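Asks: Dropping the structure in here first, questions after.
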Amino acid sequence: MNHDFNQDFFALFGLPRRFAQDASRLDAAWRAAAAQVHPDRYAASPDAEKRSALMLATRVNEAYQTLKSPLNRARYLLSLAGVDTQEENNTRMPGDFLMAQMEWRESIDDARQSVAELEALSGRLRAEVKTMQADLESALDARVDLDAAAVLVRKLRFMEKLDQEIGDAIDSLLD
């Protein structure tokens with residue numbers, strides 16, 4: 001494993017720099033890298049080597065957490081391309097998307113008394129997220145419209161919040 005702290009997360013795991021990733025290949029690369037730099041392997045080493053191993057282990061784990069999440073992977077790819085997703089300061093969305101968000105929230109409110117209804121909503125939401133992720137994959141891997149990819153990241157962030165809201169509603173019914 002290369003111990004270059006300047007390499008990107010994809011290079012760290014020997015993966016292609018693209019949105020589409022084989023999850024099992026990522027998992028295997030992470031396990032191999034984590035085993036190689038695990039601090040326990042350096043227990044008898046000098047302090048400088050121990051610190052380096054700990055920093056590498058932290059970087060390997062950060063890289064894995066970033067690349068295993070489609071939303072975080074998209075953010076990271078955009079940041080590598082110099083594109084700011086502007087998630088914190090740009091909440092402008094197309095009108096049809098905002099209307100859909102309002103409809104989702106109303107559907108969640110209407111279903112709050114039924115786990116089955118909430119789970120059905122969750123399934124529909126996840127299907128919509130998969131479609132958006134496919135669009136994001138096309139935009140990022142073809143590198144045709146990175147600004148559109150940034151908008152998709154912002155949309156997916158909204159969808160992630162909806163998914164959390166549905167999960168919270170289900171949890172409150174099950175408690």
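Every chain in the structure tokens takes a letter, A first, then B, and so on in the order presented; its residues are numbered from 1, and the ligands are numbered from 1 following the presented order.
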Which residues in region 22-141 of chain A does DSSP call helix (DSSP H, G or I)? List them as a PyMOL selection string.

Replies: chain A and resi 23-37+39-42+47-68+70-80+95-111+115-141

Asks: Please, what distance in Å, to one decimal, runs between CA of Pro94 (chain A) and CA of Val151 (chain A)?

Replies: 9.4 Å

Asks: Just the residues within 10 Å of Glu128 (chain A), please, counting only C-alpha atoms, with nothing from its chain fewer than 6 positions along; format it as a list of chain:residue names.

Replies: A:Ser122, A:Ala134, A:Leu156, A:Met159

Asks: Which neighbours of Phe10 (chain A) fall inside 10 Å, counting only C-alpha atoms, when residues of the same chain fewer than 4 positions from it are skipped, and could you give them as a ChimeraX atom specification?

Replies: /A:14-18,26,63-64,67,73,77

Asks: Which residues, written as JSON, numbers by chain, have at least one atom at most 8 Å from Leu121 (chain A), with only C-alpha atoms counted and residues fewer than 4 positions away on the same chain left out?

Replies: {"A": [107, 108, 117, 125, 166]}

Asks: Save the residues we just selected, all heavy atoms, as a short mmCIF file (atom, residue, chain, number, x, y, z; two decimals), in the first residue's frame?

Replies:
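Everything below was put into part-v4.cif:
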data_model
loop_
_atom_site.label_atom_id
_atom_site.label_comp_id
_atom_site.auth_asym_id
_atom_site.auth_seq_id
_atom_site.Cartn_x
_atom_site.Cartn_y
_atom_site.Cartn_z
N SER A 107 -47.30 13.16 2.52
CA SER A 107 -47.50 11.71 2.55
C SER A 107 -46.95 11.11 3.84
O SER A 107 -47.57 10.22 4.43
CB SER A 107 -46.82 11.05 1.35
OG SER A 107 -47.42 11.46 0.16
N ILE A 108 -45.82 11.61 4.28
CA ILE A 108 -45.24 11.13 5.54
C ILE A 108 -46.16 11.48 6.70
O ILE A 108 -46.45 10.64 7.56
CB ILE A 108 -43.82 11.70 5.75
CG1 ILE A 108 -42.85 11.14 4.71
CG2 ILE A 108 -43.32 11.39 7.17
CD1 ILE A 108 -41.51 11.86 4.65
N GLU A 117 -47.59 1.70 5.93
CA GLU A 117 -47.65 2.83 4.99
C GLU A 117 -46.30 3.56 4.93
O GLU A 117 -45.85 3.96 3.86
CB GLU A 117 -48.76 3.80 5.38
CG GLU A 117 -50.15 3.28 5.08
CD GLU A 117 -51.22 4.29 5.46
OE1 GLU A 117 -51.04 5.50 5.23
OE2 GLU A 117 -52.26 3.84 6.00
N LEU A 125 -39.47 6.02 -1.96
CA LEU A 125 -38.39 7.00 -1.85
C LEU A 125 -37.07 6.40 -2.31
O LEU A 125 -36.33 7.01 -3.09
CB LEU A 125 -38.27 7.51 -0.42
CG LEU A 125 -37.17 8.54 -0.18
CD1 LEU A 125 -37.63 9.91 -0.64
CD2 LEU A 125 -36.79 8.58 1.27
N ILE A 166 -38.75 9.43 7.63
CA ILE A 166 -39.57 8.22 7.58
C ILE A 166 -39.07 7.20 8.61
O ILE A 166 -39.86 6.60 9.34
CB ILE A 166 -39.57 7.60 6.16
CG1 ILE A 166 -40.31 8.53 5.19
CG2 ILE A 166 -40.21 6.22 6.17
CD1 ILE A 166 -40.16 8.14 3.71
#

Asks: Just give me the gap between CA of Val83 (chain A) and CA of Leu152 (chain A) in Å, one decimal is fine.

Replies: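 We find that CA of Val83 (chain A) and CA of Leu152 (chain A) lie 12.8 Å from each other.
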